[in-house]
Structure formats: structure tokens, C-alpha cells
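Peer 1: File structure-v9.cif follows (mmCIF, C-alpha atoms):
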```
data_my_file
#
loop_
_atom_site.group_PDB
_atom_site.id
_atom_site.type_symbol
_atom_site.label_atom_id
_atom_site.label_comp_id
_atom_site.auth_asym_id
_atom_site.auth_seq_id
_atom_site.Cartn_x
_atom_site.Cartn_y
_atom_site.Cartn_z
ATOM 1 C CA MET C 111 4.678 61.064 15.052
ATOM 2 C CA ILE C 112 3.412 57.587 14.356
ATOM 3 C CA THR C 113 5.740 55.330 12.456
ATOM 4 C CA GLU C 114 4.353 52.223 10.913
ATOM 5 C CA LYS C 115 6.449 49.193 11.438
ATOM 6 C CA LYS C 116 6.541 46.941 8.418
ATOM 7 C CA VAL C 117 6.016 43.307 9.334
ATOM 8 C CA LYS C 118 8.685 41.271 7.677
ATOM 9 C CA LYS C 119 7.794 37.756 6.607
ATOM 10 C CA GLU C 120 10.191 35.477 8.397
ATOM 11 C CA LYS C 121 10.539 31.741 8.292
ATOM 12 C CA ILE C 122 9.774 30.378 11.728
ATOM 13 C CA ASN C 123 9.961 26.656 11.162
ATOM 14 C CA GLU C 124 10.810 24.103 8.509
ATOM 15 C CA VAL C 125 10.567 20.341 8.182
ATOM 16 C CA LYS C 126 11.732 17.892 5.527
ATOM 17 C CA ILE C 127 10.194 14.470 5.267
ATOM 18 C CA THR C 128 11.129 11.655 2.906
ATOM 19 C CA LEU C 129 8.632 8.852 2.434
ATOM 20 C CA LEU C 130 8.487 5.753 0.277
ATOM 21 C CA ALA C 131 5.886 6.279 -2.469
ATOM 22 C CA VAL C 132 3.461 3.630 -1.231
ATOM 23 C CA SER C 133 -0.217 4.175 -0.510
ATOM 24 C CA ARG C 134 0.043 3.415 3.216
ATOM 25 C CA ASN C 135 2.151 6.585 3.534
ATOM 26 C CA GLU C 136 -0.650 8.857 2.308
ATOM 27 C CA SER C 137 -2.232 9.065 5.765
ATOM 28 C CA LEU C 138 1.205 9.420 7.349
ATOM 29 C CA ALA C 139 2.035 12.400 5.097
ATOM 30 C CA ARG C 140 -1.278 14.070 5.993
ATOM 31 C CA ALA C 141 -0.684 13.512 9.695
ATOM 32 C CA TYR C 142 2.906 14.833 9.581
ATOM 33 C CA VAL C 143 2.072 18.007 7.666
ATOM 34 C CA SER C 144 -1.063 18.826 9.650
ATOM 35 C CA ALA C 145 0.794 18.339 12.955
ATOM 36 C CA PHE C 146 3.485 20.684 11.646
ATOM 37 C CA ALA C 147 1.016 23.307 10.347
ATOM 38 C CA ALA C 148 -0.831 23.199 13.670
ATOM 39 C CA GLY C 149 2.138 25.238 14.952
ATOM 40 C CA LEU C 150 0.453 28.324 13.468
ATOM 41 C CA ASP C 151 -2.732 27.570 15.424
ATOM 42 C CA PRO C 152 -5.076 27.503 12.400
ATOM 43 C CA THR C 153 -8.806 26.737 12.573
ATOM 44 C CA LEU C 154 -9.858 23.095 12.210
ATOM 45 C CA ASP C 155 -11.232 23.878 8.747
ATOM 46 C CA GLU C 156 -7.974 25.443 7.608
ATOM 47 C CA LEU C 157 -6.068 22.445 8.884
ATOM 48 C CA ALA C 158 -8.452 20.080 7.083
ATOM 49 C CA ASP C 159 -7.852 22.052 3.861
ATOM 50 C CA ILE C 160 -4.092 21.545 4.138
ATOM 51 C CA ARG C 161 -4.538 17.874 5.001
ATOM 52 C CA CYS C 162 -6.653 17.315 1.900
ATOM 53 C CA ALA C 163 -4.355 19.271 -0.430
ATOM 54 C CA VAL C 164 -1.298 17.339 0.817
ATOM 55 C CA SER C 165 -3.178 14.077 0.378
ATOM 56 C CA GLU C 166 -3.833 14.918 -3.279
ATOM 57 C CA ALA C 167 -0.203 15.812 -4.028
ATOM 58 C CA VAL C 168 1.156 12.724 -2.253
ATOM 59 C CA THR C 169 -1.406 10.424 -3.903
ATOM 60 C CA ASN C 170 -0.245 11.713 -7.308
ATOM 61 C CA CYS C 171 3.305 10.607 -6.436
ATOM 62 C CA VAL C 172 2.069 7.163 -5.341
ATOM 63 C CA VAL C 173 -0.226 6.624 -8.325
ATOM 64 C CA HIS C 174 1.623 8.257 -11.206
ATOM 65 C CA ALA C 175 5.243 9.226 -10.517
ATOM 66 C CA TYR C 176 6.843 5.809 -10.305
ATOM 67 C CA LYS C 177 4.395 3.809 -12.407
ATOM 68 C CA GLY C 178 6.045 0.722 -13.871
ATOM 69 C CA TRP C 179 9.067 0.939 -11.569
ATOM 70 C CA GLU C 180 10.221 -2.310 -9.984
ATOM 71 C CA ASN C 181 10.594 -0.680 -6.577
ATOM 72 C CA PRO C 182 8.663 2.368 -5.400
ATOM 73 C CA GLY C 183 10.587 5.643 -5.439
ATOM 74 C CA LYS C 184 10.454 8.373 -2.829
ATOM 75 C CA ILE C 185 8.274 11.347 -1.993
ATOM 76 C CA TYR C 186 10.037 14.456 -0.695
ATOM 77 C CA ILE C 187 8.012 16.873 1.424
ATOM 78 C CA ASN C 188 9.337 20.237 2.511
ATOM 79 C CA ALA C 189 7.021 22.314 4.680
ATOM 80 C CA ARG C 190 7.629 25.802 6.062
ATOM 81 C CA LEU C 191 5.849 28.139 8.438
ATOM 82 C CA TYR C 192 6.175 31.919 8.125
ATOM 83 C CA SER C 193 5.572 34.709 10.592
ATOM 84 C CA ASP C 194 2.694 36.123 8.499
ATOM 85 C CA ARG C 195 0.764 32.890 9.254
ATOM 86 C CA THR C 196 1.533 31.297 5.892
ATOM 87 C CA VAL C 197 2.282 27.620 5.509
ATOM 88 C CA THR C 198 3.989 26.370 2.365
ATOM 89 C CA VAL C 199 4.255 22.726 1.358
ATOM 90 C CA GLU C 200 6.373 21.353 -1.454
ATOM 91 C CA VAL C 201 5.759 17.784 -2.564
ATOM 92 C CA SER C 202 8.315 16.430 -5.032
ATOM 93 C CA ASP C 203 9.257 13.169 -6.684
ATOM 94 C CA ARG C 204 11.991 12.015 -9.063
ATOM 95 C CA GLY C 205 9.609 10.003 -11.195
ATOM 96 C CA CYS C 206 8.234 10.123 -14.726
ATOM 97 C CA GLY C 207 7.230 13.786 -14.764
ATOM 98 C CA ILE C 208 4.147 15.284 -16.399
ATOM 99 C CA GLU C 209 4.170 15.783 -20.168
ATOM 100 C CA ASN C 210 1.436 18.382 -20.268
ATOM 101 C CA ILE C 211 0.908 20.205 -16.963
ATOM 102 C CA GLU C 212 -1.995 22.287 -18.251
ATOM 103 C CA MET C 213 -3.881 19.166 -19.280
ATOM 104 C CA ALA C 214 -3.049 17.400 -16.003
ATOM 105 C CA MET C 215 -4.569 20.318 -14.119
ATOM 106 C CA THR C 216 -7.810 20.279 -16.109
ATOM 107 C CA PRO C 217 -10.727 19.141 -13.924
ATOM 108 C CA LEU C 218 -11.725 15.506 -14.506
ATOM 109 C CA PHE C 219 -8.647 14.784 -16.651
ATOM 110 C CA THR C 220 -6.845 11.565 -15.734
ATOM 111 C CA THR C 221 -4.395 9.223 -17.443
ATOM 112 C CA ASP C 222 -5.449 6.396 -15.137
ATOM 113 C CA LYS C 223 -8.998 5.400 -16.057
ATOM 114 C CA GLU C 224 -8.643 1.820 -14.793
ATOM 115 C CA GLY C 225 -7.611 3.003 -11.360
ATOM 116 C CA GLU C 226 -10.867 4.972 -11.054
ATOM 117 C CA ARG C 227 -9.072 8.242 -10.538
ATOM 118 C CA SER C 228 -11.519 11.143 -10.536
ATOM 119 C CA GLY C 229 -9.139 13.582 -12.203
ATOM 120 C CA MET C 230 -9.911 16.174 -9.530
ATOM 121 C CA GLY C 231 -6.611 16.113 -7.602
ATOM 122 C CA PHE C 232 -5.197 19.437 -8.809
ATOM 123 C CA SER C 233 -8.643 21.073 -8.630
ATOM 124 C CA VAL C 234 -8.864 20.111 -4.955
ATOM 125 C CA MET C 235 -5.344 21.431 -4.288
ATOM 126 C CA LYS C 236 -6.242 24.732 -5.994
ATOM 127 C CA SER C 237 -9.532 25.047 -4.163
ATOM 128 C CA PHE C 238 -8.158 24.221 -0.698
ATOM 129 C CA THR C 239 -5.021 26.415 -0.812
ATOM 130 C CA ASP C 240 -4.239 29.975 -1.943
ATOM 131 C CA CYS C 241 -1.619 29.106 -4.536
ATOM 132 C CA VAL C 242 -0.490 25.983 -6.403
ATOM 133 C CA ARG C 243 2.560 25.909 -8.671
ATOM 134 C CA VAL C 244 3.627 22.830 -10.585
ATOM 135 C CA THR C 245 6.961 22.306 -12.267
ATOM 136 C CA SER C 246 7.832 19.073 -14.001
ATOM 137 C CA LYS C 247 10.426 17.552 -16.263
ATOM 138 C CA PRO C 248 9.629 14.396 -18.260
ATOM 139 C CA SER C 249 11.690 11.571 -16.683
ATOM 140 C CA GLY C 250 13.018 14.068 -14.150
ATOM 141 C CA GLY C 251 10.164 14.328 -11.678
ATOM 142 C CA THR C 252 7.507 16.749 -10.528
ATOM 143 C CA ARG C 253 7.393 19.432 -7.869
ATOM 144 C CA VAL C 254 4.126 20.776 -6.498
ATOM 145 C CA PHE C 255 4.333 23.931 -4.398
ATOM 146 C CA MET C 256 1.331 25.014 -2.352
ATOM 147 C CA SER C 257 0.845 27.873 0.056
ATOM 148 C CA LYS C 258 -1.955 28.924 2.337
ATOM 149 C CA LYS C 259 -2.284 31.877 4.657
ATOM 150 C CA PHE C 260 -4.225 31.183 7.839
ATOM 151 C CA SER C 261 -6.685 33.719 9.213
ATOM 152 C CA MET N 1300 -15.983 1.747 12.346
ATOM 153 C CA ASP N 1301 -13.012 1.977 9.982
ATOM 154 C CA GLY N 1302 -13.003 0.149 6.682
ATOM 155 C CA LEU N 1303 -15.972 -1.521 5.029
ATOM 156 C CA GLU N 1304 -19.166 -3.190 6.194
ATOM 157 C CA ILE N 1305 -21.642 -4.726 3.759
ATOM 158 C CA GLU N 1306 -25.265 -5.637 4.464
ATOM 159 C CA TYR N 1307 -27.810 -7.059 2.040
ATOM 160 C CA GLU N 1308 -31.540 -7.475 2.443
ATOM 161 C CA ASN N 1309 -34.442 -7.661 -0.029
ATOM 162 C CA GLY N 1310 -32.600 -6.277 -3.036
ATOM 163 C CA VAL N 1311 -30.949 -3.461 -1.088
ATOM 164 C CA MET N 1312 -27.207 -3.516 -0.543
ATOM 165 C CA ARG N 1313 -25.682 -1.120 1.934
ATOM 166 C CA ALA N 1314 -21.921 -0.526 1.847
ATOM 167 C CA SER N 1315 -20.754 1.497 4.854
ATOM 168 C CA VAL N 1316 -17.295 2.994 4.463
ATOM 169 C CA GLY N 1317 -15.651 4.480 7.533
ATOM 170 C CA GLY N 1318 -12.323 6.061 8.442
ATOM 171 C CA GLU N 1319 -10.021 7.927 6.072
ATOM 172 C CA VAL N 1320 -11.408 7.477 2.569
ATOM 173 C CA ASP N 1321 -8.200 8.029 0.587
ATOM 174 C CA HIS N 1322 -6.490 6.199 -2.277
ATOM 175 C CA HIS N 1323 -5.078 3.568 0.106
ATOM 176 C CA LEU N 1324 -8.473 2.641 1.566
ATOM 177 C CA CYS N 1325 -10.386 2.968 -1.722
ATOM 178 C CA ALA N 1326 -8.145 0.436 -3.482
ATOM 179 C CA SER N 1327 -9.216 -2.378 -1.151
ATOM 180 C CA VAL N 1328 -12.773 -1.233 -0.438
ATOM 181 C CA ARG N 1329 -13.616 -0.921 -4.137
ATOM 182 C CA GLU N 1330 -12.923 -4.583 -4.907
ATOM 183 C CA ASP N 1331 -14.951 -5.789 -1.932
ATOM 184 C CA ILE N 1332 -17.936 -3.586 -2.811
ATOM 185 C CA ASP N 1333 -17.839 -4.767 -6.423
ATOM 186 C CA SER N 1334 -17.616 -8.470 -5.621
ATOM 187 C CA ALA N 1335 -20.612 -8.166 -3.256
ATOM 188 C CA PHE N 1336 -22.409 -6.125 -5.929
ATOM 189 C CA PHE N 1337 -21.979 -8.883 -8.500
ATOM 190 C CA LYS N 1338 -22.867 -11.593 -5.978
ATOM 191 C CA TYR N 1339 -26.118 -9.980 -4.811
ATOM 192 C CA ALA N 1340 -27.039 -8.053 -8.005
ATOM 193 C CA PRO N 1341 -29.032 -5.560 -5.877
ATOM 194 C CA LYS N 1342 -31.839 -3.284 -7.078
ATOM 195 C CA LYS N 1343 -30.529 -0.511 -4.879
ATOM 196 C CA LEU N 1344 -27.008 0.287 -3.652
ATOM 197 C CA ILE N 1345 -26.559 2.626 -0.707
ATOM 198 C CA LEU N 1346 -23.045 3.946 -0.106
ATOM 199 C CA ASP N 1347 -23.094 5.054 3.507
ATOM 200 C CA LEU N 1348 -20.312 7.496 4.411
ATOM 201 C CA THR N 1349 -21.536 8.334 7.924
ATOM 202 C CA GLY N 1350 -18.375 6.907 9.520
ATOM 203 C CA MET N 1351 -16.049 8.795 7.196
ATOM 204 C CA LYS N 1352 -13.412 10.955 8.898
ATOM 205 C CA PHE N 1353 -11.618 12.177 5.790
ATOM 206 C CA MET N 1354 -12.155 12.144 2.047
ATOM 207 C CA ASP N 1355 -10.105 13.396 -0.887
ATOM 208 C CA SER N 1356 -10.571 13.040 -4.645
ATOM 209 C CA SER N 1357 -9.872 9.296 -4.390
ATOM 210 C CA GLY N 1358 -13.131 8.987 -2.467
ATOM 211 C CA LEU N 1359 -14.807 10.882 -5.283
ATOM 212 C CA GLY N 1360 -13.335 8.299 -7.681
ATOM 213 C CA LEU N 1361 -14.877 5.537 -5.568
ATOM 214 C CA ILE N 1362 -18.275 7.261 -5.714
ATOM 215 C CA MET N 1363 -18.061 7.915 -9.479
ATOM 216 C CA GLY N 1364 -17.019 4.323 -10.121
ATOM 217 C CA ARG N 1365 -19.941 2.848 -8.156
ATOM 218 C CA TYR N 1366 -22.306 5.313 -9.829
ATOM 219 C CA SER N 1367 -21.320 4.071 -13.296
ATOM 220 C CA ARG N 1368 -21.509 0.412 -12.193
ATOM 221 C CA CYS N 1369 -25.078 1.024 -10.998
ATOM 222 C CA LEU N 1370 -25.971 2.899 -14.159
ATOM 223 C CA ALA N 1371 -24.813 -0.048 -16.274
ATOM 224 C CA ALA N 1372 -26.687 -2.558 -14.078
ATOM 225 C CA GLU N 1373 -29.849 -0.416 -13.857
ATOM 226 C CA CYS N 1374 -29.481 -0.319 -10.093
ATOM 227 C CA GLU N 1375 -30.538 2.710 -8.039
ATOM 228 C CA PHE N 1376 -27.530 4.394 -6.409
ATOM 229 C CA ILE N 1377 -27.806 6.490 -3.274
ATOM 230 C CA ILE N 1378 -25.081 8.008 -1.103
ATOM 231 C CA CYS N 1379 -25.666 9.170 2.432
ATOM 232 C CA GLY N 1380 -23.692 10.555 5.357
ATOM 233 C CA VAL N 1381 -21.839 13.085 3.193
ATOM 234 C CA ASP N 1382 -20.291 15.863 5.293
ATOM 235 C CA GLU N 1383 -19.770 19.470 4.186
ATOM 236 C CA ARG N 1384 -16.136 18.924 3.156
ATOM 237 C CA ALA N 1385 -16.995 15.929 0.969
ATOM 238 C CA MET N 1386 -19.850 17.977 -0.520
ATOM 239 C CA ARG N 1387 -17.323 20.606 -1.601
ATOM 240 C CA ILE N 1388 -15.441 17.975 -3.601
ATOM 241 C CA LEU N 1389 -18.674 16.598 -5.088
ATOM 242 C CA ARG N 1390 -19.706 20.123 -6.139
ATOM 243 C CA MET N 1391 -16.308 20.771 -7.735
ATOM 244 C CA SER N 1392 -16.784 17.755 -10.000
ATOM 245 C CA GLY N 1393 -20.467 18.433 -10.721
ATOM 246 C CA MET N 1394 -21.367 14.995 -9.298
ATOM 247 C CA ASP N 1395 -23.719 16.651 -6.783
ATOM 248 C CA LYS N 1396 -26.096 17.268 -9.701
ATOM 249 C CA VAL N 1397 -26.327 13.646 -10.842
ATOM 250 C CA LEU N 1398 -26.159 11.758 -7.549
ATOM 251 C CA LYS N 1399 -28.984 10.973 -5.169
ATOM 252 C CA ILE N 1400 -27.606 12.313 -1.918
ATOM 253 C CA LYS N 1401 -29.495 11.729 1.322
#
```
Could you write out this structure as C-alpha cells?
Peer 2:
Amino acid sequence: MITEKKVKKEKINEVKITLLAVSRNESLARAYVSAFAAGLDPTLDELADIRCAVSEAVTNCVVHAYKGWENPGKIYINARLYSDRTVTVEVSDRGCGIENIEMAMTPLFTTDKEGERSGMGFSVMKSFTDCVRVTSKPSGGTRVFMSKKFS
Amino acid sequence: MDGLEIEYENGVMRASVGGEVDHHLCASVREDIDSAFFKYAPKKLILDLTGMKFMDSSGLGLIMGRYSRCLAAECEFIICGVDERAMRILRMSGMDKVLKIK
């Protein structure tokens, strides 16, 4: 008799990173998360996808979350690796929040015309990962959850 | 080469952007490209991305911004050195249909 063993999805690693929401930390956040995700031995393309998606989420925190604040706030990154070769990345802030998430996720929509934002941040995150979930509270902050399963 | 290099000759301005083309880099590079653009008032602007190692939607913003500057100044705008990953982002925005990409 052959019995199929069900593969249980187990967390195999986790990292939490707190960064100041300044633009020089965008490359640092990409480097941290891609070094961490490399633990699942993904392809270079898969790793580049994660790097780009993280860059978009972190850039949103730098550009929008703490706009008008005297001192920059913080970006909280929580990344996890699972035994089924999934990486999840949560990027959160305690900033202004998003009033209308649906509108914010519309391609080419931006509230920051002067800053020459393309309005494609969430579209890139969606395209380069398997799943993007955004929760936000006005004046309470925003949390972006992304997951991607490597081949 | 990381960062920005600008050359100008006979009405053609070439801005070569290298390294990680993210929001951090774009903020500084954008101002330098624009001040050279207004100084030289070129007939043709070439944005050369051959030395680019990374690009996200901030790089797309840089491209879209220079495209509209050129449109307003009746200057020809060409981008070159676009890799497959950057092309994906250009396609997502539909900019691949309006830009001259070499």
C-alpha cells in the first residue's frame, strides 16, 4: 500500500528589519530581503522579482507615509521563508495611511505628480509576486503583504 | 559607471544613467538632466540605460518625466540600453508604445 505523505508548510526562517524611512535605505532594504530570500535558492529572475517588489513597497513608505513629518518615521519589514519554497514579505509603516486603497492600486494613479511618480508601484508588486494584500488605516499606517512561491 | 554622465554635441544630448535606478538615484539624476537640458536646449535627447543594474517604477517615472519635457520642447526623445526587466515595467505602463526604444 502506498501512503501519500502530505507536505506541511512550515516556517523555516524569519527576519525583522526596521529602517528609517529615507531614500538611501531603499537599496539597503532590497539587499537585505534578497539576501534573506536567497536562502530558498531561487533563480536569479525570481530573486530580481522580489527585489523589485520590495523596492516598490519601501519607496511608498519613503515617499508617501511620512509626508510632512518633521523627522522621518520608520519602515518595518518582516520576511519569512516556508518549506514549500514560499517567501512572504510584509512592509509596514505607521504613517498617514491610504484613504482609498482601490484607487491607490489603479495603474498610473499617483497623488504625487510633482515628484514624477509613475503610479505603477502596486502594479509592479502585483506583477512580480503571486499575491499582494494591502491594509491601511488613515493616520494609522499601511501594511503591504506580498508572497511568492519559487519554482 | 554608477550615477549620471552627460555629453552634448551638435544638438544631441546623451544622458547615461548607471547603477540602481530607484527613487533615491532618480531624485538627484532628474535635476541634473533637466538643468543640462535647459542649458543646451538639444534637438535630440538620448537616455542611455546601458549601465543600469536595477530599475523599478521610479525609473519609469524618470523616463516619463523626460518624455514629457521633450514633448513640450519639441525635442526628439530616445531611450536605449533597456533590459528585459525594465521592458516589462515599460509594457505594464503602455510607455513601450509611445517611446522610441533602441
Peer 1: List as a PyMOL selection string the residues having at least one atom at most 7 Å from position (-29.5, -3.3, -0.2) as given in the file, counting all atoms listed in the file.
Peer 2: chain N and resi 1306-1313+1341+1343-1345
Peer 1: When the PyMOL selection byres ((chain N) within 12 of (chain C)) is applied to the structure above, which residues does it catch, written out as a PyMOL selection string?
Peer 2: chain N and resi 1318-1327+1329-1330+1352-1368+1383-1385+1387-1394
Peer 1: Apply the PyMOL selection byres ((chain N and resi 1378) around 10) to the displayed file and report the matching residues as a list in words.
Peer 2: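 Matching residues under the PyMOL selection byres ((chain N and resi 1378) around 10) are Arg1313, Ala1314, Ser1315, Leu1344, Ile1345, Leu1346, Asp1347, Leu1348, Thr1349, Ile1362, Tyr1366, Phe1376, Ile1377, Cys1379, Gly1380, Val1381, Leu1398, Lys1399, Ile1400 and Lys1401 of chain N.
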Peer 1: Let's have the selection written as a PDB file, keeping the file's coordinate frame, with C-alpha atoms.
Peer 2:
```pdb
ATOM      1  CA  ARG N1313     -25.682  -1.120   1.934  1.00  0.00           C
ATOM      2  CA  ALA N1314     -21.921  -0.526   1.847  1.00  0.00           C
ATOM      3  CA  SER N1315     -20.754   1.497   4.854  1.00  0.00           C
ATOM      4  CA  LEU N1344     -27.008   0.287  -3.652  1.00  0.00           C
ATOM      5  CA  ILE N1345     -26.559   2.626  -0.707  1.00  0.00           C
ATOM      6  CA  LEU N1346     -23.045   3.946  -0.106  1.00  0.00           C
ATOM      7  CA  ASP N1347     -23.094   5.054   3.507  1.00  0.00           C
ATOM      8  CA  LEU N1348     -20.312   7.496   4.411  1.00  0.00           C
ATOM      9  CA  THR N1349     -21.536   8.334   7.924  1.00  0.00           C
ATOM     10  CA  ILE N1362     -18.275   7.261  -5.714  1.00  0.00           C
ATOM     11  CA  TYR N1366     -22.306   5.313  -9.829  1.00  0.00           C
ATOM     12  CA  PHE N1376     -27.530   4.394  -6.409  1.00  0.00           C
ATOM     13  CA  ILE N1377     -27.806   6.490  -3.274  1.00  0.00           C
ATOM     14  CA  CYS N1379     -25.666   9.170   2.432  1.00  0.00           C
ATOM     15  CA  GLY N1380     -23.692  10.555   5.357  1.00  0.00           C
ATOM     16  CA  VAL N1381     -21.839  13.085   3.193  1.00  0.00           C
ATOM     17  CA  LEU N1398     -26.159  11.758  -7.549  1.00  0.00           C
ATOM     18  CA  LYS N1399     -28.984  10.973  -5.169  1.00  0.00           C
ATOM     19  CA  ILE N1400     -27.606  12.313  -1.918  1.00  0.00           C
ATOM     20  CA  LYS N1401     -29.495  11.729   1.322  1.00  0.00           C
TER      21      LYS N1401
END
```
Peer 1: Within 7 Å of (-31.2, -3.0, -10.1), only C-alpha atoms: residues as a PyMOL selection string?
Peer 2: chain N and resi 1340-1343+1372-1375
Peer 1: Using only C-alpha atoms, can you tell me which of N:Val1328, N:Val1397, N:Met1386, N:Ala1335 comes closest to N:Leu1303?
Peer 2: N:Val1328
Peer 1: Rounded to one decimal, what separation in Å do you get between atom CA of C:Met256 and atom CA of N:Met1351?
Peer 2: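 Interatomic distance, atom CA of C:Met256 to atom CA of N:Met1351: 25.6 Å.
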Peer 1: Looking at C:Phe260, C:Phe146, C:Trp179, C:Tyr192, which one is nearest to C:Lys121, with distances taken over only C-alpha atoms?
Peer 2: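 Once distances to C:Lys121 are computed over only C-alpha atoms, the minimum belongs to C:Tyr192.
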Peer 1: Can you tell me how far atom CA of C:Lys184 sits from atom CA of C:Ala131, in Å to one decimal?
Peer 2: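 Spanning atom CA of C:Lys184 to atom CA of C:Ala131 is a straight-line distance of 5.0 Å.
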Peer 1: Work out how far apart atom CA of N:Ile1305 and atom CA of N:Asp1333 are and give it in Å to one decimal.
Peer 2: 10.9 Å
Peer 1: For this structure, which residues satisfy the selection - the PyMOL selection byres ((chain C and resi 183) around 8) - when it is evaluated on the file as given? I want them as a ChimeraX atom specification.
Peer 2: /C:130-131,176,179,181-182,184-185,203-205
Peer 1: Env of C:Lys259: 9 Å cut, atoms = only C-alpha atoms, seq-sep filter 5 positions within chain, self excluded. Answer as a PDB file with C-alpha atoms, in the frame of the given file.
Peer 2:
```pdb
ATOM      1  CA  ASP C 194       2.694  36.123   8.499  1.00  0.00           C
ATOM      2  CA  ARG C 195       0.764  32.890   9.254  1.00  0.00           C
ATOM      3  CA  THR C 196       1.533  31.297   5.892  1.00  0.00           C
ATOM      4  CA  VAL C 197       2.282  27.620   5.509  1.00  0.00           C
ATOM      5  CA  THR C 198       3.989  26.370   2.365  1.00  0.00           C
ATOM      6  CA  THR C 239      -5.021  26.415  -0.812  1.00  0.00           C
ATOM      7  CA  ASP C 240      -4.239  29.975  -1.943  1.00  0.00           C
TER       8      ASP C 240
END
```
Peer 1: May I have the residues within 10 Å of C:Val143 as JSON, numbers by chain, using all atoms listed in the file and disregarding those fewer than 4 positions away in the same chain?
Peer 2: {"C": [125, 126, 127, 138, 139, 147, 148, 157, 160, 161, 164, 165, 187, 188, 189, 190, 197, 199]}
Peer 1: Might you pull out every residue within 10 Å of C:Thr245, with only C-alpha atoms counted and same-chain residues fewer than 5 positions away left off, and present them as a PyMOL selection string?
Peer 2: chain C and resi 202+207-208+211+251-255
